[in-house]
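Chemist: Handing you this structure, nothing more for now.
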There are 2 protein chains.
Amino acid sequence: MKRIAILGSTGSIGNSTLSICESYPERFSVATMAAGSNIDSAFAQCLRWKPKVISVAAESHAEALRARLTSAGLETIEVVHGAPGTVRVATHPEVDFVVSAIVGVAGLEATYEAVKAGKSIGLANKECLVAAGELITAEARRQGKPLLPIDSEHNAVHQCMRGGRMDEVSTVWLTASGGPFLHTPKADFENITVEQALNHPTWKMGRRITIDSATLMNKGFEVIEACRLFNIPPAQVKVIVHPQSTIHSLVEFVDGSILAQLSVTDMRLPILYALTYPDRIESDLKFNVLDLKRLDFAAPDLDKFPCLRLAYEAAEAGGTKSIALNAADEVAVAAFLEGQIGFSDIHFTIKTVLDETSTKHPESIGKVLLCDAQARQLAKEVIVRKGTRSVTKVLAH
Amino acid sequence: MKRIAILGSTGSIGNSTLSICESYPERFSVATMAAGSNIDSAFAQCLRWKPKVISVAAESHAEALRARLTSAGLETIEVVHGAPGTVRVATHPEVDFVVSAIVGVAGLEATYEAVKAGKSIGLANKECLVAAGELITAEARRQGKPLLPIDSEHNAVHQCMRGGRMDEVSTVWLTASGGPFLHTPKADFENITVEQALNHPTWKMGRRITIDSATLMNKGFEVIEACRLFNIPPAQVKVIVHPQSTIHSLVEFVDGSILAQLSVTDMRLPILYALTYPDRIESDLKFNVLDLKRLDFAAPDLDKFPCLRLAYEAAEAGGTKSIALNAADEVAVAAFLEGQIGFSDIHFTIKTVLDETSTKHPESIGKVLLCDAQARQLAKEVIVRKGTRSVTKVLAH
């Protein structure tokens, strides 16, 4: 029985993980969980899963949840909160495997502490590799424990890499659906609306990641994640557009052989893979090969999707540059979603922040969080400045 | 330094193997070789590779070659001939790895003896698995030595299988180009000419295998080979048409993940893979992923290509049925190439022979050869009978 901690239990990956635990009750138990501020969901999950510990966002949430658990006769479930609570959930002695799926830098510290505590990790949190990849992968290597990627691309790469040794890999090819604007002429990018950008062709995801897919910045983050996770330079990580999203990624070996991984587009599959690695177990997540029909591929257009180029630059520089890339992108995407800036301004904002960010290598998670906060602040200033300039421009006409 | 025996050195796989040896002189040496009756080629290969032993077809060939080697000051090269000569080449104590690439049943005995002698084997000879698969794979398992497939499909399967354990494989998907008649209506199959059938869209190969590709019988043989090589039942080996022949095969695992192997269509790559396994080494046999463009897939049409169905039946029955399948096909294809029978008569001939073949499991290579000879004789009789019937039919009009 593998005892699991789920960081981000009420989110999409959290729910998919619980669905896997539901399907294999003889293999997986939910030991601890970290929810957010949705106490209704947290309470329902406690009723169903009876974890030993649950962490919620703030003290007020903890009090509310504790009261409801007591009424339900579940007062033995320990309720904790905040960052220390998440760390407690992630490092609990009765946890074997941590699914790290809290969105944003909030998941960083707990994941790092889980790695330090010698837990096996299933990584769905982007920031762990983009912002703190050097620190976390170094610690995992020290612990000799796997960091198993829970996203379709890196999970595919992980699977394909089993076809050879790490030093036999020549190139990792990440596939990109191309997003909703694959065929949109560059001239029309200025006028892309929030609604258009949220309309992703193949995956249903959260709002930020959907916009990041539309700018290809998400693929850029994945380039950085691949570099950190597999310890390879950015020149060996390439992107190929594949609109059907059937092949989730490819690995090219030095002899010229290329392995590709295909499957349904369902996050439960990479979660199951991570939870059972190095074994595989029977699932109903089947893709019918006879339904393949037609697969298309094309080179990505870096002129139309300059965010991808920024990501390569940040991947090369590493350290604070990739922290700033992620932080500035999050702020810029939020501003776009709120109608404060246009679609093309996302790139402008991030590029300006990167230009003003030094190349340093933060030596602790605390420093990572500090750099992240500074980059966010800077991004907000850039957006205000840009807004002012736009207003000036409009007024000048 | 890996010391190699090449059975079939003057053929296509033999020459590709020598080309690999040429590219990696520090890794591979040619210890022994078995040529056929082309003494010019055998002599040229002796000059270049100076093997310890070379075997040729008949005593007369051996004498001719010996004389030329003596004139060239190479009288230390031992020249042997016939079946015992090939066995000597395959089992020579200074051989580490045997490339089994003699076409037809002639390669059977020597390959089996090489396996018994504990050599690692690179298998390019179809008959070793189709006709004698049970015997040879059982012996290889006893010896604990690998049988590495040297053909694009099974080599691809071998690579993909590294992504999991054998008992985690649910289905092997062999890709088929579909041959030149993929889009030909069934009604036109009666009138297919030899020239049309020899015009294969993606691979340049020998005449028999090209016709076998046109009937999909070649894919049928590969189904049997996969069953024997990977010890899986026919129901777990499926065929998918993929006209570009870029994906060489796929392996589906029980969790629903599918791995596929892609590469250039160049036999040197599977040869290199087999010679270096479990390592991979740098080669210039590169496929550019950005050139993928478009891949198509479709289910095979068993009504148009009934030979494939025959192969599944033979795979299921095993033993003498698969021996007869191969023998009858070889005779029928030869008769087609000589204009004795029509394209659709290939299937009729094989089916008739299979119907008249009992289900037995031959317990020795000698018995395999006997069954093979009987099936050939029967196939010839069927062709004569059929010819007689056709003449009768024509005369009746």
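Residues are named by chain letter and number: chains run A, B, ... in the order of the structure tokens, numbers start at 1 in each chain, and ligands are numbered from 1 in the order shown.
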As a ChimeraX atom specification, list the residues of region 38-258 of chain B assigned to strand (DSSP E) by DSSP on the backbone atoms of this structure.
Modeler: /B:53-56,78-81,97-100,120-123,147-149,169-176,237-241,247-253,258
Chemist: With a cut-off of 8 Å and counting only C-alpha atoms, select all residues of chain B in contact with chain A and give the selection as a PDB file with C-alpha atoms, in the first residue's frame.
Modeler:
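Final output, saved to out30.pdb:
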```pdb
ATOM      1  CA  GLN B 159      13.332  -0.676 -28.391  1.00  0.00           C
ATOM      2  CA  CYS B 160       9.809   0.239 -27.278  1.00  0.00           C
ATOM      3  CA  MET B 161       9.650  -2.751 -24.945  1.00  0.00           C
ATOM      4  CA  ARG B 162      12.416  -1.186 -22.890  1.00  0.00           C
ATOM      5  CA  GLY B 163       9.682   1.103 -21.551  1.00  0.00           C
ATOM      6  CA  GLY B 164       8.308  -1.661 -19.353  1.00  0.00           C
ATOM      7  CA  ARG B 165       8.479  -5.302 -18.419  1.00  0.00           C
ATOM      8  CA  GLU B 168       3.338  -5.175 -18.850  1.00  0.00           C
ATOM      9  CA  ILE B 240      -1.675  -1.024 -38.594  1.00  0.00           C
ATOM     10  CA  PHE B 253       1.418  -1.239 -22.247  1.00  0.00           C
ATOM     11  CA  VAL B 254      -1.254  -2.335 -19.803  1.00  0.00           C
ATOM     12  CA  ASP B 255      -1.614   1.160 -18.336  1.00  0.00           C
ATOM     13  CA  GLY B 256      -2.581   2.556 -21.747  1.00  0.00           C
ATOM     14  CA  SER B 257       0.760   4.169 -22.596  1.00  0.00           C
ATOM     15  CA  ILE B 258       2.036   3.480 -26.089  1.00  0.00           C
ATOM     16  CA  LEU B 259       5.650   3.817 -27.157  1.00  0.00           C
ATOM     17  CA  ALA B 260       6.586   4.122 -30.825  1.00  0.00           C
ATOM     18  CA  GLN B 261       9.949   4.027 -32.545  1.00  0.00           C
ATOM     19  CA  LEU B 262      10.784   6.301 -35.483  1.00  0.00           C
ATOM     20  CA  SER B 263      13.924   6.556 -37.576  1.00  0.00           C
ATOM     21  CA  VAL B 264      15.332   6.696 -41.066  1.00  0.00           C
ATOM     22  CA  LEU B 269      20.214   1.398 -37.850  1.00  0.00           C
ATOM     23  CA  LEU B 272      23.884  -0.998 -35.284  1.00  0.00           C
ATOM     24  CA  TYR B 273      21.315  -1.309 -32.496  1.00  0.00           C
ATOM     25  CA  PRO B 278      22.371  -2.717 -24.562  1.00  0.00           C
ATOM     26  CA  ASP B 279      24.366   0.406 -25.423  1.00  0.00           C
ATOM     27  CA  ARG B 280      23.671   2.961 -28.127  1.00  0.00           C
ATOM     28  CA  ILE B 281      26.432   4.721 -30.006  1.00  0.00           C
ATOM     29  CA  GLU B 282      26.563   7.896 -32.069  1.00  0.00           C
ATOM     30  CA  SER B 283      25.703   7.419 -35.738  1.00  0.00           C
ATOM     31  CA  ASP B 284      24.973   9.602 -38.727  1.00  0.00           C
ATOM     32  CA  LEU B 285      21.704   7.734 -39.370  1.00  0.00           C
ATOM     33  CA  LYS B 286      19.632  10.706 -38.304  1.00  0.00           C
ATOM     34  CA  PHE B 287      15.973  11.419 -38.906  1.00  0.00           C
ATOM     35  CA  VAL B 289      11.883  15.277 -36.403  1.00  0.00           C
ATOM     36  CA  LEU B 290      11.021  18.599 -38.057  1.00  0.00           C
ATOM     37  CA  ASP B 291      10.618  16.635 -41.307  1.00  0.00           C
ATOM     38  CA  LEU B 292       7.811  14.509 -39.830  1.00  0.00           C
ATOM     39  CA  LYS B 293       5.156  16.699 -41.480  1.00  0.00           C
ATOM     40  CA  ARG B 294       2.324  14.188 -41.685  1.00  0.00           C
ATOM     41  CA  LEU B 295       1.820  10.564 -40.646  1.00  0.00           C
ATOM     42  CA  ASP B 296      -1.192   8.507 -41.705  1.00  0.00           C
ATOM     43  CA  PHE B 297      -2.627   5.342 -40.240  1.00  0.00           C
ATOM     44  CA  ALA B 298      -5.416   2.944 -41.191  1.00  0.00           C
ATOM     45  CA  ALA B 299      -6.650  -0.516 -40.340  1.00  0.00           C
TER      46      ALA B 299
END
```
Chemist: Rank A:Arg48, A:Val105, A:His361, A:Phe43 by their smallest atom-to-atom distance to Ala373 (chain A), using only C-alpha atoms, and report the top residue only.
Modeler: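 Ranked by minimum distance to Ala373 (chain A), first place goes to A:Val105.
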Chemist: Record the distance separating CA of Ala140 (chain B) and CA of Leu7 (chain B), expressed in Å with one decimal.
Modeler: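 Atom-to-atom, CA of Ala140 (chain B) and CA of Leu7 (chain B) are spaced 17.9 Å apart.
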Chemist: Mind checking which residues fall within 7 Å of region 108-122 of chain B, counting only C-alpha atoms, ignoring those fewer than 3 positions away in the same chain, and posting them as a PyMOL selection string?
Modeler: chain B and resi 86-87+90-91+96-100+105+127-128+136+139-140+143+145-150+274+365
Chemist: Write out as a VMD selection string all residues of region 131-193 of chain B that backbone DSSP assigns to alpha helix (DSSP H).
Modeler: chain B and resid 133 to 143 152 to 160
Chemist: Selected residues, N, CA, C and O atoms, written as a PDB file, in the first residue's frame, please.
Modeler:
```pdb
ATOM      1  N   GLY B 133      10.847 -20.927 -34.961  1.00  0.00           N
ATOM      2  CA  GLY B 133      10.830 -19.970 -33.853  1.00  0.00           C
ATOM      3  C   GLY B 133      10.783 -20.612 -32.482  1.00  0.00           C
ATOM      4  O   GLY B 133      11.505 -20.202 -31.568  1.00  0.00           O
ATOM      5  N   GLU B 134       9.936 -21.630 -32.324  1.00  0.00           N
ATOM      6  CA  GLU B 134       9.801 -22.268 -31.010  1.00  0.00           C
ATOM      7  C   GLU B 134      11.136 -22.870 -30.569  1.00  0.00           C
ATOM      8  O   GLU B 134      11.563 -22.702 -29.419  1.00  0.00           O
ATOM      9  N   LEU B 135      11.807 -23.580 -31.501  1.00  0.00           N
ATOM     10  CA  LEU B 135      13.076 -24.239 -31.166  1.00  0.00           C
ATOM     11  C   LEU B 135      14.167 -23.225 -30.839  1.00  0.00           C
ATOM     12  O   LEU B 135      14.874 -23.341 -29.830  1.00  0.00           O
ATOM     13  N   ILE B 136      14.291 -22.217 -31.705  1.00  0.00           N
ATOM     14  CA  ILE B 136      15.417 -21.284 -31.559  1.00  0.00           C
ATOM     15  C   ILE B 136      15.249 -20.376 -30.344  1.00  0.00           C
ATOM     16  O   ILE B 136      16.202 -20.145 -29.594  1.00  0.00           O
ATOM     17  N   THR B 137      14.027 -19.880 -30.108  1.00  0.00           N
ATOM     18  CA  THR B 137      13.853 -18.996 -28.948  1.00  0.00           C
ATOM     19  C   THR B 137      13.990 -19.774 -27.640  1.00  0.00           C
ATOM     20  O   THR B 137      14.510 -19.240 -26.657  1.00  0.00           O
ATOM     21  N   ALA B 138      13.532 -21.025 -27.636  1.00  0.00           N
ATOM     22  CA  ALA B 138      13.682 -21.838 -26.416  1.00  0.00           C
ATOM     23  C   ALA B 138      15.162 -22.036 -26.103  1.00  0.00           C
ATOM     24  O   ALA B 138      15.594 -21.924 -24.947  1.00  0.00           O
ATOM     25  N   GLU B 139      15.962 -22.291 -27.146  1.00  0.00           N
ATOM     26  CA  GLU B 139      17.393 -22.501 -26.938  1.00  0.00           C
ATOM     27  C   GLU B 139      18.076 -21.197 -26.482  1.00  0.00           C
ATOM     28  O   GLU B 139      18.936 -21.221 -25.599  1.00  0.00           O
ATOM     29  N   ALA B 140      17.653 -20.078 -27.064  1.00  0.00           N
ATOM     30  CA  ALA B 140      18.244 -18.792 -26.665  1.00  0.00           C
ATOM     31  C   ALA B 140      17.928 -18.496 -25.204  1.00  0.00           C
ATOM     32  O   ALA B 140      18.774 -17.984 -24.461  1.00  0.00           O
ATOM     33  N   ARG B 141      16.707 -18.820 -24.778  1.00  0.00           N
ATOM     34  CA  ARG B 141      16.351 -18.607 -23.364  1.00  0.00           C
ATOM     35  C   ARG B 141      17.218 -19.494 -22.471  1.00  0.00           C
ATOM     36  O   ARG B 141      17.693 -19.060 -21.432  1.00  0.00           O
ATOM     37  N   ARG B 142      17.417 -20.751 -22.903  1.00  0.00           N
ATOM     38  CA  ARG B 142      18.274 -21.662 -22.128  1.00  0.00           C
ATOM     39  C   ARG B 142      19.681 -21.087 -21.997  1.00  0.00           C
ATOM     40  O   ARG B 142      20.307 -21.171 -20.944  1.00  0.00           O
ATOM     41  N   GLN B 143      20.188 -20.508 -23.093  1.00  0.00           N
ATOM     42  CA  GLN B 143      21.548 -19.971 -23.090  1.00  0.00           C
ATOM     43  C   GLN B 143      21.624 -18.622 -22.370  1.00  0.00           C
ATOM     44  O   GLN B 143      22.709 -18.154 -22.051  1.00  0.00           O
ATOM     45  N   SER B 152      13.332  -3.613 -39.336  1.00  0.00           N
ATOM     46  CA  SER B 152      12.916  -2.350 -38.737  1.00  0.00           C
ATOM     47  C   SER B 152      11.773  -2.539 -37.731  1.00  0.00           C
ATOM     48  O   SER B 152      11.788  -1.899 -36.677  1.00  0.00           O
ATOM     49  N   GLU B 153      10.815  -3.414 -38.022  1.00  0.00           N
ATOM     50  CA  GLU B 153       9.642  -3.522 -37.145  1.00  0.00           C
ATOM     51  C   GLU B 153       9.982  -4.149 -35.792  1.00  0.00           C
ATOM     52  O   GLU B 153       9.665  -3.584 -34.746  1.00  0.00           O
ATOM     53  N   HIS B 154      10.596  -5.316 -35.811  1.00  0.00           N
ATOM     54  CA  HIS B 154      10.861  -5.976 -34.526  1.00  0.00           C
ATOM     55  C   HIS B 154      11.949  -5.271 -33.744  1.00  0.00           C
ATOM     56  O   HIS B 154      11.952  -5.287 -32.518  1.00  0.00           O
ATOM     57  N   ASN B 155      12.844  -4.644 -34.465  1.00  0.00           N
ATOM     58  CA  ASN B 155      13.848  -3.843 -33.792  1.00  0.00           C
ATOM     59  C   ASN B 155      13.161  -2.683 -33.069  1.00  0.00           C
ATOM     60  O   ASN B 155      13.483  -2.365 -31.918  1.00  0.00           O
ATOM     61  N   ALA B 156      12.194  -2.070 -33.735  1.00  0.00           N
ATOM     62  CA  ALA B 156      11.411  -0.996 -33.104  1.00  0.00           C
ATOM     63  C   ALA B 156      10.674  -1.522 -31.877  1.00  0.00           C
ATOM     64  O   ALA B 156      10.669  -0.885 -30.820  1.00  0.00           O
ATOM     65  N   VAL B 157      10.062  -2.690 -32.013  1.00  0.00           N
ATOM     66  CA  VAL B 157       9.341  -3.286 -30.885  1.00  0.00           C
ATOM     67  C   VAL B 157      10.309  -3.521 -29.724  1.00  0.00           C
ATOM     68  O   VAL B 157      10.015  -3.206 -28.565  1.00  0.00           O
ATOM     69  N   HIS B 158      11.486  -4.066 -30.052  1.00  0.00           N
ATOM     70  CA  HIS B 158      12.491  -4.326 -29.018  1.00  0.00           C
ATOM     71  C   HIS B 158      12.834  -3.039 -28.277  1.00  0.00           C
ATOM     72  O   HIS B 158      12.935  -3.026 -27.036  1.00  0.00           O
ATOM     73  N   GLN B 159      12.989  -1.955 -29.011  1.00  0.00           N
ATOM     74  CA  GLN B 159      13.332  -0.676 -28.391  1.00  0.00           C
ATOM     75  C   GLN B 159      12.182  -0.174 -27.510  1.00  0.00           C
ATOM     76  O   GLN B 159      12.407   0.279 -26.384  1.00  0.00           O
ATOM     77  N   CYS B 160      10.965  -0.261 -28.035  1.00  0.00           N
ATOM     78  CA  CYS B 160       9.809   0.239 -27.278  1.00  0.00           C
ATOM     79  C   CYS B 160       9.575  -0.586 -26.018  1.00  0.00           C
ATOM     80  O   CYS B 160       9.136  -0.064 -24.993  1.00  0.00           O
TER      81      CYS B 160
END
```
Chemist: Within 10 Å of region 13-26 of chain B, counting only C-alpha atoms, which residues qualify if same-chain residues fewer than 2 places away don't, as an MDAnalysis selection string?
Modeler: chainID B and resid 1:2 4:11 28:30 33:35 45 48:49 99:103 124:125 150:151 266:272 275 281 283:284
Chemist: For Ile77 (chain A), list every protein, DNA or RNA residue within 8 Å, evaluated using only C-alpha atoms, and leave out those in the same chain fewer than 2 positions away; present the list as an MDAnalysis selection string.
Modeler: chainID A and resid 46 50:54 69 74:75 79
Chemist: Mind checking which residues fall within 10 Å of Thr352 (chain A), counting only C-alpha atoms, ignoring those fewer than 2 positions away in the same chain, and posting them as an MDAnalysis selection string?
Modeler: chainID A and resid 328 347:350 354:357 378:379 382:383
Chemist: Write a file of the selected residues as a compact mmCIF listing (two decimals), in the first residue's frame, keeping N, CA and C atoms.
Modeler:
```txt
# COMPACT_ATOMS: atom_id res chain seq x y z
N ALA A 328 6.80 37.02 -13.93
CA ALA A 328 6.32 38.08 -14.83
C ALA A 328 5.19 37.56 -15.70
N HIS A 347 4.10 39.28 -23.88
CA HIS A 347 5.52 39.12 -24.21
C HIS A 347 6.32 40.36 -23.84
N PHE A 348 5.77 41.53 -24.17
CA PHE A 348 6.48 42.78 -23.88
C PHE A 348 6.78 42.89 -22.38
N THR A 349 5.78 42.57 -21.57
CA THR A 349 5.94 42.69 -20.11
C THR A 349 7.05 41.76 -19.61
N ILE A 350 6.99 40.52 -20.05
CA ILE A 350 7.97 39.54 -19.55
C ILE A 350 9.37 39.91 -20.03
N LEU A 354 12.58 40.57 -17.73
CA LEU A 354 13.80 39.76 -17.88
C LEU A 354 15.01 40.65 -18.12
N ASP A 355 14.83 41.69 -18.95
CA ASP A 355 15.94 42.59 -19.26
C ASP A 355 16.44 43.28 -18.00
N GLU A 356 15.52 43.48 -17.06
CA GLU A 356 15.90 44.21 -15.83
C GLU A 356 16.25 43.24 -14.69
N THR A 357 16.34 41.93 -15.00
CA THR A 357 16.66 40.94 -13.97
C THR A 357 18.11 40.49 -14.12
N LEU A 378 8.00 44.11 -10.25
CA LEU A 378 8.54 44.75 -11.44
C LEU A 378 7.55 44.60 -12.60
N ALA A 379 6.97 43.42 -12.75
CA ALA A 379 6.01 43.19 -13.84
C ALA A 379 4.81 44.11 -13.71
N VAL A 382 5.80 47.47 -14.85
CA VAL A 382 5.91 47.53 -16.31
C VAL A 382 4.52 47.68 -16.94
N ILE A 383 3.55 46.96 -16.36
CA ILE A 383 2.19 47.02 -16.90
C ILE A 383 1.60 48.41 -16.71
```
Chemist: Considering only C-alpha atoms, can you say which of A:Ala327, A:Met217, A:Val368, A:Ala235 comes closest to Leu310 (chain A)?
Modeler: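 Answer, going by the shortest atom-to-atom distance: A:Met217.
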